[in-house]
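S.K.: First, the structure itself, so that you have it in front of you.
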2 protein chains.
Amino acid sequence: MNKIVLIGAGNVATHLGLALKQSGYEIIEVWSRHKSHAQELAIRLNSKAKDDMSTLSPDADIYIFSVVDDALPLLLNDFPFQDKMLVHTAGSVSMTVLENKTNSYGVFYPLQTFSKHKEVDFKKIPVFIEASNDKTLSVLEEIANSLSDNVKVATSEQRKYLHIAAVFACNFSNYFYAIGEQILKENDLSFDYLRPLILETAMKAQEYSPAKVQTGPAIRKDEKIMASHLSLLASQPQLKELYQTISHYIMEEL
Amino acid sequence: MNKIVLIGAGNVATHLGLALKQSGYEIIEVWSRHKSHAQELAIRLNSKAKDDMSTLSPDADIYIFSVVDDALPLLLNDFPFQDKMLVHTAGSVSMTVLENKTNSYGVFYPLQTFSKHKEVDFKKIPVFIEASNDKTLSVLEEIANSLSDNVKVATSEQRKYLHIAAVFACNFSNYFYAIGEQILKENDLSFDYLRPLILETAMKAQEYSPAKVQTGPAIRKDEKIMASHLSLLASQPQLKELYQTISHYIMEEL
């Protein structure tokens, strides 16, 4: 069970492919709607690039779909084989999306933020797996354990909540970094000044409960400072509203 | 110029005091409204605890106010001496709040999130200083340079924007970690699963512009997933609204 076709060439597909290759799996083909994307990743994986589903090799043991969630049902329609082992990597897509094509299907969800050219240590990434039957589960378990030291079985519903939690803790946090960057830029200040603070905030969360180490004007109920910040944000109504709403929640709920 | 009285015993005062002590400064007294807080820090600094402003020693070279911003004007009223060198550590308080008590005053603003019992490497913390005159500035510069490798002169206005940017990038990000923690808790999932993701998100921001490495459903405009997340958040209107608002901004602005 070590020949894999990778459907997708985005951030997740890239890092999953690299980790699989490093663990000794053979990525025989990489498919992307855009041939150039498929080629870019195929080169890194010593694999073949495809942009036409109908020409995929039938010889893989496993077909891993790692694509934008919306695209998955459409791609499955075009998938040319029956009764292959199919896996997807999406946090919020139920496993059963795969059930019409085969009896052997499952999910391999690595809970991490990936950017194509930023290296990650896959060993530390929590990977949540789920499968249609015990045999498929044990195949997925073996693959997952060879990539990561942190593998759990999770239901589709648990995976959705993991994904929502990740959107808040990662995607939205990153957006707030971007707001910080923008505020500094507007005032000719370097984003470098915020970097140690951002890292320390994340380091604290490695050891402590974030709710218990909240700092800043809101948790101190420092009304005067909050009013002064809101007045400085007067010309940016969106930021002002975010500041007000979130400060209010921090005061009320933490 | 190495005898210091520290007014305050909170998170910033604690870490500033520890860093000053380590750099060879003598913290001769620590004042807090709560004697027990003053004592707790005084022990760590090999100093004396005070809770009565009127009994402060007149022998310090510098008096550093590191207190909740709202409390600063009131404490200055009670400060018993004239013509001492006075410094505060607040991001959003103008330097001139100190001007009635002396001609030698300034600001020492370390841009970091501090929790009393979490160690930090002060050398890496950006410190923004400002002073009423050149002599005071050079004293502050010497102190700051002995504590940190990242010292800048900044105006009170620049400091305010640094503080606002820090509220978004640190305080609000931490609140979103806490939301992630809460969502997982409600679903009997460990916050440990989010920790590698939180760290990696912050690590990315050390190298890249956050606006350029944004990930998640909103930046991919994955409407179906966002709709499914919103329906799962139906019973938590605050979270639902935050999810909707921030996703909208990410789609529109990044």
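Following the order of the structure tokens, first chain is A, next is B, and so on, with residues numbered from 1 inside each chain and ligands from 1 in the order they appear.
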Compute the chain B side of the contact with chain A at 6 Å, counting only C-alpha atoms, and hand it back as a list in words.
M.R.: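 Close to chain A, chain B has Gln112, Ala165, Phe168, Ala169, Cys170, Asn171, Ser173, Phe176, Tyr177, Ala178, Gly180, Ile183, Arg195, Leu197, Ile198, Leu199, Ala202, Gln206, Pro210, Ala211, Thr215 and Gly216 of chain B.
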S.K.: Would you save the residues from that selection as a compact mmCIF listing (two decimals), in the first residue's frame, using all heavy atoms?
M.R.:
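Result file is out00.txt:
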```
# COMPACT_ATOMS: atom_id res chain seq x y z
N GLN B 112 5.64 44.19 24.90
CA GLN B 112 5.58 42.74 25.10
C GLN B 112 4.39 42.42 26.00
O GLN B 112 3.90 43.31 26.70
CB GLN B 112 6.89 42.24 25.73
CG GLN B 112 7.04 40.72 25.84
CD GLN B 112 6.78 39.98 24.54
OE1 GLN B 112 5.61 39.81 24.15
NE2 GLN B 112 7.82 39.56 23.84
N ALA B 165 -1.81 48.67 17.80
CA ALA B 165 -1.43 47.54 16.95
C ALA B 165 -1.20 46.29 17.81
O ALA B 165 -1.58 45.18 17.43
CB ALA B 165 -0.17 47.88 16.16
N PHE B 168 -4.49 44.62 18.89
CA PHE B 168 -5.05 43.75 17.84
C PHE B 168 -4.21 42.47 17.70
O PHE B 168 -4.73 41.36 17.71
CB PHE B 168 -5.10 44.49 16.49
CG PHE B 168 -6.31 45.38 16.35
CD1 PHE B 168 -6.25 46.74 16.65
CD2 PHE B 168 -7.53 44.87 15.93
CE1 PHE B 168 -7.37 47.56 16.53
CE2 PHE B 168 -8.65 45.68 15.80
CZ PHE B 168 -8.57 47.02 16.09
N ALA B 169 -2.91 42.64 17.55
CA ALA B 169 -2.06 41.49 17.20
C ALA B 169 -1.82 40.54 18.37
O ALA B 169 -1.61 39.35 18.17
CB ALA B 169 -0.72 41.97 16.66
N CYS B 170 -1.89 41.04 19.58
CA CYS B 170 -1.60 40.18 20.74
C CYS B 170 -2.85 39.94 21.58
O CYS B 170 -3.30 38.81 21.72
CB CYS B 170 -0.49 40.81 21.57
SG CYS B 170 -0.45 40.26 23.29
N ASN B 171 -3.44 40.98 22.13
CA ASN B 171 -4.58 40.77 23.05
C ASN B 171 -5.75 40.12 22.34
O ASN B 171 -6.37 39.19 22.86
CB ASN B 171 -5.03 42.09 23.68
CG ASN B 171 -3.94 42.84 24.41
OD1 ASN B 171 -3.95 44.06 24.46
ND2 ASN B 171 -2.97 42.13 24.98
N SER B 173 -5.70 38.45 19.41
CA SER B 173 -5.32 37.10 18.99
C SER B 173 -5.46 36.12 20.14
O SER B 173 -5.98 35.02 19.97
CB SER B 173 -3.88 37.07 18.50
OG SER B 173 -3.79 37.74 17.28
N PHE B 176 -8.88 35.09 20.64
CA PHE B 176 -9.33 34.09 19.66
C PHE B 176 -8.74 32.71 19.97
O PHE B 176 -9.38 31.70 19.67
CB PHE B 176 -9.05 34.57 18.23
CG PHE B 176 -10.06 35.60 17.81
CD1 PHE B 176 -9.80 36.94 17.93
CD2 PHE B 176 -11.31 35.22 17.38
CE1 PHE B 176 -10.75 37.90 17.61
CE2 PHE B 176 -12.27 36.17 17.05
CZ PHE B 176 -11.99 37.51 17.16
N TYR B 177 -7.56 32.67 20.58
CA TYR B 177 -7.10 31.37 21.08
C TYR B 177 -8.10 30.86 22.13
O TYR B 177 -8.45 29.68 22.15
CB TYR B 177 -5.74 31.46 21.80
CG TYR B 177 -4.55 32.00 21.04
CD1 TYR B 177 -3.40 32.39 21.73
CD2 TYR B 177 -4.54 32.09 19.65
CE1 TYR B 177 -2.28 32.85 21.07
CE2 TYR B 177 -3.42 32.57 18.99
CZ TYR B 177 -2.30 32.96 19.70
OH TYR B 177 -1.19 33.43 19.06
N ALA B 178 -8.53 31.78 23.00
CA ALA B 178 -9.45 31.38 24.08
C ALA B 178 -10.79 30.89 23.52
O ALA B 178 -11.39 29.97 24.04
CB ALA B 178 -9.66 32.55 25.05
N GLY B 180 -11.10 29.39 20.59
CA GLY B 180 -10.78 28.06 20.09
C GLY B 180 -10.79 27.03 21.22
O GLY B 180 -11.35 25.94 21.10
N ILE B 183 -14.43 26.30 22.24
CA ILE B 183 -15.14 25.45 21.27
C ILE B 183 -14.70 23.99 21.43
O ILE B 183 -15.52 23.07 21.43
CB ILE B 183 -14.88 25.94 19.82
CG1 ILE B 183 -15.57 27.30 19.60
CG2 ILE B 183 -15.38 24.93 18.78
CD1 ILE B 183 -15.19 27.99 18.29
N ARG B 195 -2.49 23.75 19.79
CA ARG B 195 -1.23 24.42 20.15
C ARG B 195 -0.20 24.47 19.02
O ARG B 195 0.39 25.53 18.77
CB ARG B 195 -0.66 23.80 21.43
CG ARG B 195 -1.49 24.21 22.65
CD ARG B 195 -0.86 23.77 23.96
NE ARG B 195 -1.34 24.62 25.05
CZ ARG B 195 -1.91 24.18 26.16
NH1 ARG B 195 -2.08 22.89 26.35
NH2 ARG B 195 -2.31 25.03 27.08
N LEU B 197 -0.71 24.53 15.87
CA LEU B 197 -1.25 25.45 14.88
C LEU B 197 -1.04 26.91 15.30
O LEU B 197 -0.64 27.77 14.50
CB LEU B 197 -2.75 25.15 14.74
CG LEU B 197 -3.55 25.99 13.78
CD1 LEU B 197 -3.03 25.85 12.37
CD2 LEU B 197 -5.02 25.59 13.83
N ILE B 198 -1.29 27.19 16.56
CA ILE B 198 -1.10 28.54 17.09
C ILE B 198 0.37 28.95 16.98
O ILE B 198 0.69 30.06 16.54
CB ILE B 198 -1.60 28.60 18.56
CG1 ILE B 198 -3.14 28.62 18.57
CG2 ILE B 198 -1.01 29.78 19.31
CD1 ILE B 198 -3.76 28.44 19.94
N LEU B 199 1.25 28.04 17.34
CA LEU B 199 2.68 28.35 17.28
C LEU B 199 3.13 28.57 15.84
O LEU B 199 3.85 29.53 15.54
CB LEU B 199 3.49 27.22 17.94
CG LEU B 199 4.98 27.51 18.11
CD1 LEU B 199 5.22 28.77 18.91
CD2 LEU B 199 5.68 26.31 18.78
N ALA B 202 2.12 31.96 14.45
CA ALA B 202 3.01 33.03 14.94
C ALA B 202 4.40 32.93 14.31
O ALA B 202 5.04 33.95 14.03
CB ALA B 202 3.10 32.97 16.46
N GLN B 206 6.80 35.64 11.82
CA GLN B 206 8.17 36.08 12.07
C GLN B 206 8.92 36.31 10.76
O GLN B 206 9.85 37.10 10.69
CB GLN B 206 8.95 35.06 12.93
CG GLN B 206 8.28 34.71 14.25
CD GLN B 206 8.00 35.92 15.12
OE1 GLN B 206 8.92 36.66 15.47
NE2 GLN B 206 6.74 36.15 15.45
N PRO B 210 1.86 38.89 7.44
CA PRO B 210 0.65 38.10 7.73
C PRO B 210 -0.41 38.23 6.63
O PRO B 210 -1.07 37.24 6.30
CB PRO B 210 0.14 38.68 9.05
CG PRO B 210 1.32 39.33 9.67
CD PRO B 210 2.22 39.78 8.55
N ALA B 211 -0.54 39.41 6.07
CA ALA B 211 -1.54 39.59 5.01
C ALA B 211 -1.27 38.65 3.83
O ALA B 211 -2.19 38.23 3.14
CB ALA B 211 -1.56 41.04 4.54
N THR B 215 -4.46 32.05 5.63
CA THR B 215 -5.06 30.80 5.16
C THR B 215 -6.48 30.69 5.72
O THR B 215 -6.92 31.55 6.49
CB THR B 215 -4.22 29.56 5.58
OG1 THR B 215 -4.13 29.51 7.00
CG2 THR B 215 -2.83 29.60 4.97
N GLY B 216 -7.19 29.64 5.32
CA GLY B 216 -8.52 29.39 5.86
C GLY B 216 -9.63 29.62 4.86
O GLY B 216 -9.39 30.10 3.75
```
S.K.: Near Phe65 in chain B, within 7 Å and counting only C-alpha atoms, which residues show up once chain neighbours fewer than 2 positions away are dropped, as a VMD selection string?
M.R.: chain B and resid 6 to 8 63 67 87 to 89
S.K.: Keeping only C-alpha atoms, write those residues as a short mmCIF file (atom, residue, chain, number, x, y, z; two decimals), in the first residue's frame.
M.R.:
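What ended up in again-v3.cif:
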```cif
data_model
loop_
_atom_site.label_atom_id
_atom_site.label_comp_id
_atom_site.auth_asym_id
_atom_site.auth_seq_id
_atom_site.Cartn_x
_atom_site.Cartn_y
_atom_site.Cartn_z
CA LEU B 6 9.45 50.80 41.35
CA ILE B 7 5.85 52.03 41.73
CA GLY B 8 3.70 49.02 40.86
CA TYR B 63 11.12 56.50 40.13
CA VAL B 67 0.78 50.74 37.03
CA VAL B 87 9.39 57.49 34.24
CA HIS B 88 6.26 55.62 33.24
CA THR B 89 5.91 52.42 31.20
#
```
S.K.: Pick out each residue of range 1-226 of chain B that DSSP on the backbone tags as strand (DSSP E); I need them as a PyMOL selection string.
M.R.: chain B and resi 3-7+26-31+48-50+62-65+85-88+105-110+127-131+151-153
S.K.: Take the residues that were just selected and, keeping C-alpha atoms, output them as a PDB file, in the first residue's frame.
M.R.:
```
ATOM      1  CA  LYS B   3      19.014  53.268  42.468  1.00  0.00           C
ATOM      2  CA  ILE B   4      15.450  52.755  41.422  1.00  0.00           C
ATOM      3  CA  VAL B   5      12.068  52.845  43.143  1.00  0.00           C
ATOM      4  CA  LEU B   6       9.448  50.795  41.349  1.00  0.00           C
ATOM      5  CA  ILE B   7       5.851  52.027  41.730  1.00  0.00           C
ATOM      6  CA  GLU B  26      19.325  48.321  42.621  1.00  0.00           C
ATOM      7  CA  ILE B  27      15.578  48.348  43.190  1.00  0.00           C
ATOM      8  CA  ILE B  28      15.575  49.982  46.602  1.00  0.00           C
ATOM      9  CA  GLU B  29      11.778  49.902  47.069  1.00  0.00           C
ATOM     10  CA  VAL B  30       8.691  48.383  45.472  1.00  0.00           C
ATOM     11  CA  TRP B  31       5.376  50.115  46.069  1.00  0.00           C
ATOM     12  CA  LYS B  48      11.744  46.627  50.358  1.00  0.00           C
ATOM     13  CA  ALA B  49       7.952  46.560  50.098  1.00  0.00           C
ATOM     14  CA  LYS B  50       5.897  49.745  50.538  1.00  0.00           C
ATOM     15  CA  ILE B  62      14.753  57.230  39.233  1.00  0.00           C
ATOM     16  CA  TYR B  63      11.124  56.504  40.129  1.00  0.00           C
ATOM     17  CA  ILE B  64       9.458  54.193  37.626  1.00  0.00           C
ATOM     18  CA  PHE B  65       5.653  54.126  37.557  1.00  0.00           C
ATOM     19  CA  MET B  85      13.482  61.742  37.605  1.00  0.00           C
ATOM     20  CA  LEU B  86      10.113  60.159  36.843  1.00  0.00           C
ATOM     21  CA  VAL B  87       9.393  57.488  34.239  1.00  0.00           C
ATOM     22  CA  HIS B  88       6.258  55.615  33.235  1.00  0.00           C
ATOM     23  CA  TYR B 105      10.714  62.755  32.997  1.00  0.00           C
ATOM     24  CA  GLY B 106      10.296  60.141  30.341  1.00  0.00           C
ATOM     25  CA  VAL B 107       8.758  56.922  29.119  1.00  0.00           C
ATOM     26  CA  PHE B 108      10.126  53.402  28.932  1.00  0.00           C
ATOM     27  CA  TYR B 109       7.639  51.244  27.011  1.00  0.00           C
ATOM     28  CA  PRO B 110       8.500  47.566  26.533  1.00  0.00           C
ATOM     29  CA  VAL B 127      11.689  49.136  24.054  1.00  0.00           C
ATOM     30  CA  PHE B 128      10.414  52.584  23.094  1.00  0.00           C
ATOM     31  CA  ILE B 129      11.781  55.522  25.025  1.00  0.00           C
ATOM     32  CA  GLU B 130      10.988  59.220  25.126  1.00  0.00           C
ATOM     33  CA  ALA B 131      12.207  61.932  27.479  1.00  0.00           C
ATOM     34  CA  VAL B 151      15.735  50.215  21.715  1.00  0.00           C
ATOM     35  CA  LYS B 152      14.063  53.021  19.764  1.00  0.00           C
ATOM     36  CA  VAL B 153      13.127  56.607  20.493  1.00  0.00           C
TER      37      VAL B 153
END
```
S.K.: Closest to His15 in chain B among B:Arg33, B:Lys135, B:Arg44, B:Lys240, using only C-alpha atoms?
M.R.: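 The closest residue to His15 in chain B is B:Arg44.
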S.K.: Got a sec: who's within 7 Å of Phe122 in chain A, counting only C-alpha atoms, leaving out chain neighbours fewer than 3 positions off, as a PyMOL selection string?
M.R.: chain A and resi 19+125+147-148
S.K.: Grab the residues selected above and save them as a PDB file, in the first residue's frame with N, CA and C atoms.
M.R.:
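The resulting file, result_30.pdb, is shown below:
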```pdb
ATOM      1  N   ALA A  19       5.745  15.131   2.929  1.00  0.00           N
ATOM      2  CA  ALA A  19       5.887  14.266   4.113  1.00  0.00           C
ATOM      3  C   ALA A  19       5.739  12.793   3.722  1.00  0.00           C
ATOM      4  N   ILE A 125       2.430  17.606  13.945  1.00  0.00           N
ATOM      5  CA  ILE A 125       1.089  18.027  13.539  1.00  0.00           C
ATOM      6  C   ILE A 125       0.042  17.015  13.993  1.00  0.00           C
ATOM      7  N   LEU A 147       3.880   9.502   9.488  1.00  0.00           N
ATOM      8  CA  LEU A 147       4.102  10.936   9.232  1.00  0.00           C
ATOM      9  C   LEU A 147       4.128  11.769  10.510  1.00  0.00           C
ATOM     10  N   SER A 148       3.292  11.403  11.483  1.00  0.00           N
ATOM     11  CA  SER A 148       3.090  12.259  12.653  1.00  0.00           C
ATOM     12  C   SER A 148       3.133  11.453  13.941  1.00  0.00           C
TER      13      SER A 148
END
```
S.K.: Env of Ser146 in chain B: 9 Å cut, atoms = only C-alpha atoms, seq-sep filter 4 positions within chain, self excluded. Answer as a ChimeraX atom specification.
M.R.: /B:20,23,123,141-142
S.K.: Using N, CA, C and O atoms, can you export the residues from the last selection as an mmCIF file, in the first residue's frame?
M.R.:
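Heads up, here's the output in out-v3.cif:
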```
data_model
loop_
_atom_site.group_PDB
_atom_site.id
_atom_site.type_symbol
_atom_site.label_atom_id
_atom_site.label_comp_id
_atom_site.auth_asym_id
_atom_site.auth_seq_id
_atom_site.Cartn_x
_atom_site.Cartn_y
_atom_site.Cartn_z
ATOM 1 N N LEU B 20 15.936 44.728 35.349
ATOM 2 C CA LEU B 20 16.799 45.780 35.901
ATOM 3 C C LEU B 20 17.778 45.191 36.910
ATOM 4 O O LEU B 20 18.983 45.493 36.893
ATOM 5 N N SER B 23 20.519 43.419 35.345
ATOM 6 C CA SER B 23 21.501 44.291 34.688
ATOM 7 C C SER B 23 22.283 45.127 35.694
ATOM 8 O O SER B 23 22.983 46.067 35.310
ATOM 9 N N LYS B 123 16.091 40.832 26.340
ATOM 10 C CA LYS B 123 17.005 41.309 25.284
ATOM 11 C C LYS B 123 16.290 41.489 23.944
ATOM 12 O O LYS B 123 16.680 42.314 23.128
ATOM 13 N N GLU B 141 18.227 55.905 27.772
ATOM 14 C CA GLU B 141 18.861 55.141 26.695
ATOM 15 C C GLU B 141 19.857 54.126 27.273
ATOM 16 O O GLU B 141 19.891 52.973 26.848
ATOM 17 N N GLU B 142 20.618 54.596 28.264
ATOM 18 C CA GLU B 142 21.600 53.697 28.856
ATOM 19 C C GLU B 142 20.919 52.518 29.542
ATOM 20 O O GLU B 142 21.321 51.354 29.385
#
```
S.K.: Mind pulling up the distance from CA of Leu72 in chain B to CA of Ser156 in chain B?
M.R.: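 Between CA of Ser156 in chain B and CA of Leu72 in chain B the gap works out to 15.7 Å.
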S.K.: If you run DSSP on the backbone, which residues of range 55-124 of chain B are helix (DSSP H, G or I), as a ChimeraX atom specification?
M.R.: /B:55,69-78,95-98,122-124
